[in-house]
$ cat entry-v3.txt   # compact mmCIF, C-alpha atoms
# COMPACT_ATOMS: atom_id res chain seq x y z
CA MET A 1 -7.56 -14.29 21.76
CA ALA A 2 -8.02 -11.65 19.10
CA THR A 3 -8.16 -7.99 19.96
CA ALA A 4 -11.60 -6.56 19.26
CA LEU A 5 -11.69 -2.80 19.60
CA SER A 6 -15.43 -2.54 20.07
CA THR A 7 -16.52 -1.55 23.55
CA SER A 8 -19.57 -1.73 25.78
CA SER A 9 -19.02 1.69 27.35
CA ALA A 10 -22.01 3.92 27.96
CA PRO A 11 -22.82 6.11 24.90
CA GLY A 12 -21.65 9.35 26.54
CA ALA A 13 -18.32 7.90 27.63
CA GLU A 14 -17.87 6.21 24.27
CA VAL A 15 -18.47 9.43 22.34
CA ALA A 16 -16.09 11.39 24.57
CA ARG A 17 -13.40 8.74 24.12
CA LEU A 18 -13.74 8.80 20.34
CA GLN A 19 -13.73 12.61 20.25
CA GLU A 20 -10.48 12.61 22.20
CA ILE A 21 -8.87 10.11 19.83
CA ALA A 22 -10.05 11.95 16.72
CA GLY A 23 -8.65 15.18 18.12
CA ARG A 24 -5.20 13.60 18.48
CA LEU A 25 -5.42 12.11 14.99
CA ARG A 26 -6.23 15.50 13.47
CA LEU A 27 -3.06 16.88 15.04
CA ASP A 28 -1.08 13.99 13.56
CA ILE A 29 -2.57 14.60 10.11
CA ILE A 30 -1.54 18.25 10.09
CA GLU A 31 1.93 17.52 11.42
CA MET A 32 2.70 14.73 8.97
CA LEU A 33 1.45 16.73 5.98
CA HIS A 34 3.61 19.66 7.01
CA GLN A 35 6.62 17.38 7.36
CA ALA A 36 5.96 15.87 3.93
CA GLY A 37 5.37 19.22 2.24
CA SER A 38 2.56 17.69 0.18
CA GLY A 39 -0.62 15.70 0.60
CA HIS A 40 -4.35 16.05 1.06
CA PRO A 41 -5.61 17.67 4.28
CA GLY A 42 -9.19 18.43 3.20
CA GLY A 43 -10.40 14.89 2.62
CA SER A 44 -8.28 13.44 5.41
CA LEU A 45 -9.85 15.75 7.98
CA SER A 46 -13.36 15.12 6.66
CA ALA A 47 -12.87 11.35 6.91
CA ILE A 48 -11.10 11.02 10.25
CA ASP A 49 -14.17 10.77 12.48
CA ILE A 50 -15.49 7.85 10.43
CA VAL A 51 -12.09 6.14 10.51
CA THR A 52 -11.90 6.71 14.27
CA CYS A 53 -15.28 5.06 14.83
CA LEU A 54 -14.20 2.01 12.89
CA PHE A 55 -10.68 1.50 14.23
CA PHE A 56 -11.40 2.35 17.85
CA SER A 57 -14.92 1.14 18.42
CA ARG A 58 -16.53 -1.09 15.84
CA MET A 59 -14.06 -2.85 13.56
CA ARG A 60 -12.65 -6.21 14.66
CA HIS A 61 -8.90 -6.17 14.11
CA ASP A 62 -5.63 -6.93 15.85
CA PRO A 63 -2.58 -4.70 15.24
CA ARG A 64 -0.35 -7.49 16.57
CA ARG A 65 -1.68 -9.85 13.91
CA PRO A 66 -2.45 -7.75 10.80
CA THR A 67 -2.99 -10.87 8.69
CA TRP A 68 -5.40 -12.55 11.12
CA PRO A 69 -7.81 -14.34 8.73
CA GLU A 70 -10.97 -13.37 10.62
CA ARG A 71 -10.17 -9.66 10.90
CA ASP A 72 -12.59 -7.15 9.44
CA ARG A 73 -11.23 -5.41 6.36
CA PHE A 74 -11.10 -1.67 5.61
CA VAL A 75 -10.51 -0.50 2.05
CA LEU A 76 -9.79 3.21 1.64
CA SER A 77 -10.87 3.72 -1.95
CA LYS A 78 -10.23 7.48 -1.76
CA GLY A 79 -6.57 6.68 -1.30
CA HIS A 80 -5.39 10.31 -1.28
CA ALA A 81 -6.91 10.56 2.24
CA VAL A 82 -4.45 7.98 3.52
CA PRO A 83 -3.00 10.34 6.19
CA ALA A 84 -6.23 9.68 8.11
CA LEU A 85 -5.65 5.93 7.86
CA TYR A 86 -1.96 6.17 8.80
CA ALA A 87 -2.79 8.30 11.83
CA ALA A 88 -5.37 5.76 13.03
CA MET A 89 -3.08 2.80 12.40
CA ALA A 90 -0.22 4.38 14.32
CA GLN A 91 -2.50 5.21 17.22
CA ALA A 92 -3.83 1.65 17.21
CA GLY A 93 -0.31 0.21 17.32
CA TYR A 94 0.35 -1.07 13.80
CA PHE A 95 3.61 0.90 13.67
CA PRO A 96 5.43 3.54 15.78
CA ARG A 97 3.93 7.03 15.68
CA GLU A 98 7.40 8.43 14.95
CA GLU A 99 7.12 6.82 11.52
CA LEU A 100 4.35 9.28 10.60
CA LYS A 101 7.12 11.82 9.98
CA THR A 102 8.27 9.75 6.97
CA LEU A 103 5.06 10.31 4.99
CA ARG A 104 5.75 10.45 1.23
CA ARG A 105 9.51 10.10 1.61
CA LEU A 106 11.45 7.89 -0.78
CA GLY A 107 11.65 4.41 0.73
CA SER A 108 9.03 5.07 3.41
CA ARG A 109 6.31 2.53 4.11
CA LEU A 110 3.92 5.49 4.27
CA GLN A 111 3.48 6.50 0.66
CA GLY A 112 1.05 9.14 -0.62
CA HIS A 113 -1.49 6.44 -1.42
CA PRO A 114 -1.94 3.08 0.35
CA VAL A 115 0.52 0.34 -0.65
CA ALA A 116 -0.52 -3.07 0.66
CA SER A 117 2.87 -4.68 0.08
CA ALA A 118 4.68 -1.96 2.03
CA LEU A 119 2.73 -1.71 5.28
CA PRO A 120 1.04 -4.55 7.20
CA GLY A 121 -2.57 -3.59 7.88
CA ILE A 122 -3.16 -1.95 4.51
CA GLU A 123 -5.65 -4.20 2.75
CA ALA A 124 -5.41 -2.89 -0.84
CA CYS A 125 -3.43 -0.56 -3.06
CA THR A 126 -5.80 2.30 -3.83
CA GLY A 127 -5.80 5.79 -5.23
CA SER A 128 -6.88 5.21 -8.80
CA LEU A 129 -10.36 6.44 -7.99
CA GLY A 130 -13.35 4.22 -8.53
CA GLN A 131 -11.70 0.87 -7.93
CA GLY A 132 -11.85 0.38 -4.17
CA LEU A 133 -15.51 -0.60 -3.95
CA SER A 134 -14.93 -3.40 -6.44
CA VAL A 135 -11.98 -4.63 -4.37
CA ALA A 136 -14.05 -4.50 -1.19
CA GLN A 137 -16.89 -6.33 -2.89
CA GLY A 138 -14.52 -9.12 -3.87
CA MET A 139 -13.36 -9.43 -0.26
CA ALA A 140 -16.94 -9.51 0.99
CA LEU A 141 -17.86 -12.21 -1.50
CA ALA A 142 -14.82 -14.24 -0.44
CA SER A 143 -15.94 -13.93 3.18
CA LYS A 144 -19.42 -15.15 2.25
CA LEU A 145 -18.01 -18.14 0.42
CA ASP A 146 -15.86 -18.93 3.45
CA GLY A 147 -18.74 -18.83 5.91
CA GLY A 148 -18.93 -15.10 6.61
CA LYS A 149 -15.98 -14.85 8.95
CA PHE A 150 -15.34 -11.13 8.50
CA HIS A 151 -17.04 -7.88 7.57
CA VAL A 152 -15.71 -5.52 4.92
CA TYR A 153 -15.77 -1.73 5.15
CA CYS A 154 -15.00 0.62 2.29
CA MET A 155 -14.76 4.39 2.10
CA VAL A 156 -15.27 6.32 -1.12
CA GLY A 157 -15.26 10.03 -1.82
CA ASP A 158 -18.13 11.98 -3.32
CA GLY A 159 -16.17 13.09 -6.38
CA GLU A 160 -15.15 9.46 -6.76
CA CYS A 161 -18.81 8.58 -7.28
CA GLN A 162 -18.55 10.23 -10.68
CA GLU A 163 -16.56 7.17 -11.77
CA GLY A 164 -18.47 4.52 -13.68
CA GLN A 165 -16.84 1.60 -11.91
CA ILE A 166 -18.46 2.68 -8.65
CA TRP A 167 -21.87 2.06 -10.19
CA GLU A 168 -20.86 -1.29 -11.69
CA ALA A 169 -19.98 -2.45 -8.19
CA ALA A 170 -23.11 -0.81 -6.79
CA MET A 171 -25.20 -2.83 -9.23
CA SER A 172 -23.55 -6.18 -8.54
CA ALA A 173 -23.13 -6.15 -4.73
CA PRO A 174 -26.88 -6.51 -4.04
CA LYS A 175 -27.06 -9.35 -6.56
CA PHE A 176 -24.77 -11.36 -4.28
CA GLN A 177 -26.65 -10.20 -1.15
CA LEU A 178 -23.46 -8.86 0.41
CA ASP A 179 -24.84 -7.80 3.77
CA ASN A 180 -21.27 -8.12 5.08
CA LEU A 181 -20.26 -5.05 3.05
CA THR A 182 -20.66 -1.54 4.47
CA LEU A 183 -19.75 1.48 2.37
CA PHE A 184 -19.04 4.88 3.90
CA LEU A 185 -19.45 7.74 1.43
CA ASP A 186 -17.51 10.81 2.59
CA TYR A 187 -19.85 13.49 1.28
CA ASN A 188 -17.83 16.64 1.89
CA LYS A 189 -19.13 18.30 -1.30
CA GLY A 190 -15.69 19.23 -2.65
CA GLN A 191 -13.18 17.74 -5.08
CA ILE A 192 -9.95 18.90 -6.67
CA ASP A 193 -11.71 20.65 -9.57
CA GLY A 194 -14.24 22.49 -7.44
CA PRO A 195 -17.54 22.00 -5.60
CA VAL A 196 -19.03 18.62 -6.45
CA PRO A 197 -22.40 20.04 -7.63
CA GLN A 198 -20.58 22.23 -10.15
CA VAL A 199 -18.20 19.56 -11.44
CA MET A 200 -20.79 16.78 -11.78
CA ASP A 201 -23.80 16.90 -9.50
CA LEU A 202 -24.50 13.62 -7.71
CA GLU A 203 -27.99 14.38 -6.49
CA PRO A 204 -30.36 12.74 -5.82
CA LEU A 205 -27.56 10.65 -4.33
CA ALA A 206 -29.49 8.62 -1.75
CA ASP A 207 -32.20 7.78 -4.28
CA LYS A 208 -29.57 6.51 -6.72
CA TRP A 209 -28.20 4.04 -4.18
CA ARG A 210 -31.73 2.94 -3.27
CA ALA A 211 -32.42 2.34 -6.94
CA PHE A 212 -29.44 -0.01 -7.00
CA ARG A 213 -31.10 -1.90 -4.09
CA TRP A 214 -28.73 -0.86 -1.32
CA ASN A 215 -29.80 -0.17 2.23
CA VAL A 216 -29.21 3.59 2.53
CA ILE A 217 -28.48 5.49 5.74
CA GLU A 218 -27.72 9.21 5.88
CA ALA A 219 -25.82 10.54 8.88
CA PRO A 220 -23.90 13.63 10.01
CA GLY A 221 -20.31 12.55 9.47
CA HIS A 222 -18.84 14.31 12.51
CA ASP A 223 -21.47 13.17 15.02
CA PHE A 224 -20.03 10.10 16.74
CA GLN A 225 -23.30 8.97 18.24
CA ALA A 226 -25.00 9.14 14.83
CA LEU A 227 -22.10 7.35 13.13
CA LEU A 228 -22.10 4.53 15.67
CA ALA A 229 -25.88 4.13 15.33
CA ALA A 230 -25.59 4.08 11.54
CA HIS A 231 -22.87 1.46 11.74
CA ASP A 232 -24.93 -0.74 14.04
CA GLU A 233 -27.96 -0.48 11.76
CA ALA A 234 -25.79 -1.46 8.80
CA ARG A 235 -24.44 -4.52 10.63
CA ALA A 236 -27.98 -5.59 11.53
CA THR A 237 -29.22 -5.36 7.93
CA ARG A 238 -29.64 -8.69 6.18
CA GLY A 239 -29.72 -9.62 2.52
CA ARG A 240 -28.14 -6.52 0.98
CA PRO A 241 -25.19 -4.16 1.42
CA THR A 242 -25.46 -0.82 3.19
CA VAL A 243 -24.16 2.60 2.17
CA ILE A 244 -23.80 5.23 4.88
CA ILE A 245 -23.85 8.65 3.25
CA ALA A 246 -21.90 10.70 5.76
CA HIS A 247 -22.39 14.44 5.39
CA THR A 248 -19.00 15.89 6.27
CA VAL A 249 -17.01 19.13 6.08
CA LYS A 250 -13.88 19.26 3.97
CA GLY A 251 -11.00 20.33 6.23
CA LYS A 252 -13.09 19.76 9.37
CA GLY A 253 -11.52 21.18 12.53
CA VAL A 254 -9.28 23.83 10.98
CA SER A 255 -11.22 27.03 10.36
CA PHE A 256 -9.24 28.25 7.37
CA MET A 257 -9.39 24.85 5.68
CA GLU A 258 -13.08 24.13 6.15
CA HIS A 259 -15.11 24.17 2.90
CA GLN A 260 -12.07 25.45 1.00
CA ILE A 261 -11.34 23.55 -2.24
CA ALA A 262 -7.75 24.84 -2.26
CA TRP A 263 -7.00 22.59 0.71
CA HIS A 264 -7.95 19.45 -1.18
CA GLY A 265 -4.31 18.76 -2.01
CA MET A 266 -2.03 21.37 -0.43
CA ALA A 267 0.17 20.96 2.62
CA PRO A 268 0.26 23.75 5.21
CA ASN A 269 3.41 25.84 5.56
CA LYS A 270 5.03 26.48 8.95
CA GLU A 271 2.80 29.41 9.91
CA GLN A 272 -0.37 27.66 8.76
CA THR A 273 0.65 24.50 10.60
CA GLN A 274 1.16 26.39 13.85
CA LYS A 275 -2.23 28.06 13.47
CA ALA A 276 -3.96 24.77 12.65
CA LEU A 277 -2.34 22.93 15.57
CA ALA A 278 -3.32 25.73 17.94
CA GLU A 279 -6.95 25.58 16.78
CA LEU A 280 -7.08 21.81 17.02
CA THR A 281 -5.51 21.85 20.48
CA ARG A 282 -8.11 24.36 21.69
CA GLY A 283 -10.83 22.19 20.15
CA ALA A 284 -9.50 19.08 21.85
CA ASN A 285 -9.36 20.83 25.21
CA GLY A 286 -12.96 21.89 24.67
CA LYS A 287 -13.87 18.32 23.69
CA GLY A 288 -14.88 19.37 20.19
CA ALA A 289 -14.70 17.09 17.19
$ encode --input "entry-v3.txt" --output "structure tokens"
Amino acid sequence: MATALSTSSAPGAEVARLQEIAGRLRLDIIEMLHQAGSGHPGGSLSAIDIVTCLFFSRMRHDPRRPTWPERDRFVLSKGHAVPALYAAMAQAGYFPREELKTLRRLGSRLQGHPVASALPGIEACTGSLGQGLSVAQGMALASKLDGGKFHVYCMVGDGECQEGQIWEAAMSAPKFQLDNLTLFLDYNKGQIDGPVPQVMDLEPLADKWRAFRWNVIEAPGHDFQALLAAHDEARATRGRPTVIIAHTVKGKGVSFMEHQIAWHGMAPNKEQTQKALAELTRGANGKGA
């Protein structure tokens, strides 16, 4: 029988369990980026709570059978945040956690952006921003044509929504009534060139998605109870895809990284790593996100 990582635990216990997992994954993100000497902590830390909810509560998948035909799919369109995905996959059992130390090394299966041919469990090669939603839409359409055997999740960044291809996919997904497609938009308000509103303002963002005939849900992106409720509403929606606009904090969990554009794509040095790990450990002990 397939492994389904959803659970019927009481909401309080479920939230506490997910908080604990996310805390461990944040530690892994910082450690692997320090080992690599390069990478993207800001968007990885903003996305990790969403990824945790999917991999450890709601998404149907089996690490022992990564090509199981009826598995749910997850496409990380903002591929630079792949440390969050690697951390979750290692924790779930797709590969040994020791392998996280090989991030970005020559010959490693854990490259700086997802490579589907290198690591079982990666559904698509991503990182050229704007393309992942189209890939996810194709998967969702294939599922529909095959009787709706799996659900497709995609995560895009807010700066990524400045890409035209995002809106081509946004226009066509409702046409095909892809209610088996759920998009998480990591709205951390920062991109490599600066604050999103200054680079290219996206607002009114929710109204734009509604105009393209999507079901739109807005949720605090570090509130597990709200994220789980948003997910469940999305899965119950019929006849159109859902976008969950998750309001997040870039660099969430590390005080000196939070809201700081400089940490979009810069690895912490030894001193910064020690400080970040100490903060995250204190947060985990206090059951914070």
$ closest_residue --input "entry-v3.txt" --among "A:His80, A:Pro220, A:Pro195, A:Gly239" --to "His259 of chain A" --atoms "only C-alpha atoms"
A:Pro195
$ residues_around --input "entry-v3.txt" --residues "segment 72-78 of chain A" --least-positions-apart "6" --cutoff "6 Å" --atoms "all atoms listed in the file" --output "VMD selection string"
chain A and resid 60 126 to 127 132 150 to 157
$ residues_near_point --input "entry-v3.txt" --point "(-14.6, 12.9, 13.4)" --cutoff "12 Å" --atoms "all atoms listed in the file" --output "ChimeraX atom specification"
/A:15-26,43-54,56,84,88,186,220-228,246-253,284,287-289
$ closest_residue --input "entry-v3.txt" --among "A:Gly194, A:Pro63, A:Gly130, A:Gly265" --to "Cys161 of chain A" --atoms "all atoms listed in the file"
A:Gly130
$ residues_around --input "entry-v3.txt" --residues "segment 112-118 of chain A" --least-positions-apart "2" --cutoff "12 Å" --atoms "all atoms listed in the file" --output "PyMOL selection string"
chain A and resi 32-33+36-41+44+66-67+74-86+100+102-110+120-129+132+265
$ closest_residue --input "entry-v3.txt" --among "A:Phe256, A:Gln131, A:Thr182, A:His264" --to "Ala276 of chain A" --atoms "only C-alpha atoms"
A:Phe256
$ closest_atom_pairs --input "entry-v3.txt" --of "segment 88-146 of chain A" --to "segment 166-178 of chain A" --cutoff "8 Å" --atoms "only C-alpha atoms" --output "Markdown table"
| residue | atom | partner | partner_atom | distance |
| --- | --- | --- | --- | --- |
| A:Gly130 | CA | A:Ile166 | CA | 5.3 |
| A:Gln131 | CA | A:Ile166 | CA | 7.0 |
| A:Leu133 | CA | A:Ala169 | CA | 6.4 |
| A:Ser134 | CA | A:Ala169 | CA | 5.4 |
| A:Gln137 | CA | A:Ala173 | CA | 6.5 |
| A:Ala140 | CA | A:Leu178 | CA | 6.6 |
| A:Leu141 | CA | A:Leu178 | CA | 6.8 |
| A:Lys144 | CA | A:Leu178 | CA | 7.7 |
$ atom_distance --input "entry-v3.txt" --atom1 "atom CA of Val243 of chain A" --atom2 "atom CA of Phe184 of chain A"
5.9 Å
$ atom_distance --input "entry-v3.txt" --atom1 "atom CA of Gln35 of chain A" --atom2 "atom CA of Lys101 of chain A"
6.2 Å
$ atom_distance --input "entry-v3.txt" --atom1 "atom CA of Leu145 of chain A" --atom2 "atom CA of Glu70 of chain A"
13.3 Å
$ closest_residue --input "entry-v3.txt" --among "A:Met257, A:Ala262, A:Ile244, A:Met89" --to "Leu280 of chain A" --atoms "only C-alpha atoms"
A:Met257
$ closest_residue --input "entry-v3.txt" --among "A:Arg71, A:Ile29, A:Phe55, A:Pro11" --to "Ala87 of chain A" --atoms "all atoms listed in the file"
A:Ile29
$ closest_residue --input "entry-v3.txt" --among "A:Leu183, A:Ile261, A:Glu218, A:Gln162" --to "Arg235 of chain A" --atoms "all atoms listed in the file"
A:Leu183
$ axis_aligned_box --input "entry-v3.txt" --around "segment 226-245 of chain A" --padding-each-side "3 Å" --output "JSON"
{"center_x": -25.9, "center_y": -0.2, "center_z": 8.3, "size_x": 13.6, "size_y": 24.8, "size_z": 20.7}
$ build_atoms --input "entry-v3.txt" --residues "segment 169-191 of chain A" --atoms "N, CA and C atoms" --output "PDB file, in the coordinates of the input"
ATOM      1  N   ALA A 169     -20.015  -1.730  -9.461  1.00  0.00           N
ATOM      2  CA  ALA A 169     -19.980  -2.450  -8.190  1.00  0.00           C
ATOM      3  C   ALA A 169     -21.291  -2.269  -7.422  1.00  0.00           C
ATOM      4  N   ALA A 170     -21.842  -1.069  -7.479  1.00  0.00           N
ATOM      5  CA  ALA A 170     -23.110  -0.810  -6.790  1.00  0.00           C
ATOM      6  C   ALA A 170     -24.223  -1.687  -7.334  1.00  0.00           C
ATOM      7  N   MET A 171     -24.177  -1.991  -8.606  1.00  0.00           N
ATOM      8  CA  MET A 171     -25.200  -2.830  -9.230  1.00  0.00           C
ATOM      9  C   MET A 171     -25.029  -4.298  -8.862  1.00  0.00           C
ATOM     10  N   SER A 172     -23.778  -4.742  -8.726  1.00  0.00           N
ATOM     11  CA  SER A 172     -23.550  -6.180  -8.540  1.00  0.00           C
ATOM     12  C   SER A 172     -23.556  -6.611  -7.074  1.00  0.00           C
ATOM     13  N   ALA A 173     -23.182  -5.738  -6.143  1.00  0.00           N
ATOM     14  CA  ALA A 173     -23.130  -6.150  -4.730  1.00  0.00           C
ATOM     15  C   ALA A 173     -24.482  -6.635  -4.204  1.00  0.00           C
ATOM     16  N   PRO A 174     -25.599  -5.969  -4.513  1.00  0.00           N
ATOM     17  CA  PRO A 174     -26.880  -6.510  -4.040  1.00  0.00           C
ATOM     18  C   PRO A 174     -27.238  -7.845  -4.679  1.00  0.00           C
ATOM     19  N   LYS A 175     -26.799  -8.068  -5.905  1.00  0.00           N
ATOM     20  CA  LYS A 175     -27.060  -9.350  -6.560  1.00  0.00           C
ATOM     21  C   LYS A 175     -26.541 -10.513  -5.715  1.00  0.00           C
ATOM     22  N   PHE A 176     -25.378 -10.307  -5.099  1.00  0.00           N
ATOM     23  CA  PHE A 176     -24.770 -11.360  -4.280  1.00  0.00           C
ATOM     24  C   PHE A 176     -25.170 -11.253  -2.808  1.00  0.00           C
ATOM     25  N   GLN A 177     -26.108 -10.351  -2.510  1.00  0.00           N
ATOM     26  CA  GLN A 177     -26.650 -10.200  -1.150  1.00  0.00           C
ATOM     27  C   GLN A 177     -25.539  -9.991  -0.123  1.00  0.00           C
ATOM     28  N   LEU A 178     -24.634  -9.076  -0.430  1.00  0.00           N
ATOM     29  CA  LEU A 178     -23.460  -8.860   0.410  1.00  0.00           C
ATOM     30  C   LEU A 178     -23.791  -7.970   1.608  1.00  0.00           C
ATOM     31  N   ASP A 179     -24.514  -8.553   2.554  1.00  0.00           N
ATOM     32  CA  ASP A 179     -24.840  -7.800   3.770  1.00  0.00           C
ATOM     33  C   ASP A 179     -23.648  -7.694   4.709  1.00  0.00           C
ATOM     34  N   ASN A 180     -22.517  -8.277   4.321  1.00  0.00           N
ATOM     35  CA  ASN A 180     -21.270  -8.120   5.080  1.00  0.00           C
ATOM     36  C   ASN A 180     -20.379  -7.047   4.471  1.00  0.00           C
ATOM     37  N   LEU A 181     -20.971  -6.166   3.674  1.00  0.00           N
ATOM     38  CA  LEU A 181     -20.260  -5.050   3.050  1.00  0.00           C
ATOM     39  C   LEU A 181     -20.934  -3.744   3.459  1.00  0.00           C
ATOM     40  N   THR A 182     -20.168  -2.861   4.089  1.00  0.00           N
ATOM     41  CA  THR A 182     -20.660  -1.540   4.470  1.00  0.00           C
ATOM     42  C   THR A 182     -19.797  -0.475   3.808  1.00  0.00           C
ATOM     43  N   LEU A 183     -20.444   0.409   3.085  1.00  0.00           N
ATOM     44  CA  LEU A 183     -19.750   1.480   2.370  1.00  0.00           C
ATOM     45  C   LEU A 183     -20.007   2.808   3.078  1.00  0.00           C
ATOM     46  N   PHE A 184     -18.939   3.508   3.400  1.00  0.00           N
ATOM     47  CA  PHE A 184     -19.040   4.880   3.900  1.00  0.00           C
ATOM     48  C   PHE A 184     -18.729   5.835   2.752  1.00  0.00           C
ATOM     49  N   LEU A 185     -19.640   6.744   2.480  1.00  0.00           N
ATOM     50  CA  LEU A 185     -19.450   7.740   1.430  1.00  0.00           C
ATOM     51  C   LEU A 185     -19.164   9.078   2.099  1.00  0.00           C
ATOM     52  N   ASP A 186     -17.947   9.552   1.971  1.00  0.00           N
ATOM     53  CA  ASP A 186     -17.510  10.810   2.590  1.00  0.00           C
ATOM     54  C   ASP A 186     -18.012  11.968   1.732  1.00  0.00           C
ATOM     55  N   TYR A 187     -19.161  12.480   2.100  1.00  0.00           N
ATOM     56  CA  TYR A 187     -19.850  13.490   1.280  1.00  0.00           C
ATOM     57  C   TYR A 187     -19.496  14.883   1.781  1.00  0.00           C
ATOM     58  N   ASN A 188     -18.270  15.320   1.435  1.00  0.00           N
ATOM     59  CA  ASN A 188     -17.830  16.640   1.890  1.00  0.00           C
ATOM     60  C   ASN A 188     -18.060  17.737   0.852  1.00  0.00           C
ATOM     61  N   LYS A 189     -18.642  17.372  -0.270  1.00  0.00           N
ATOM     62  CA  LYS A 189     -19.130  18.300  -1.300  1.00  0.00           C
ATOM     63  C   LYS A 189     -18.020  19.036  -2.056  1.00  0.00           C
ATOM     64  N   GLY A 190     -16.770  18.566  -1.936  1.00  0.00           N
ATOM     65  CA  GLY A 190     -15.690  19.230  -2.650  1.00  0.00           C
ATOM     66  C   GLY A 190     -14.722  18.244  -3.259  1.00  0.00           C
ATOM     67  N   GLN A 191     -14.200  18.567  -4.434  1.00  0.00           N
ATOM     68  CA  GLN A 191     -13.180  17.740  -5.080  1.00  0.00           C
ATOM     69  C   GLN A 191     -12.138  18.663  -5.689  1.00  0.00           C
TER      70      GLN A 191
END
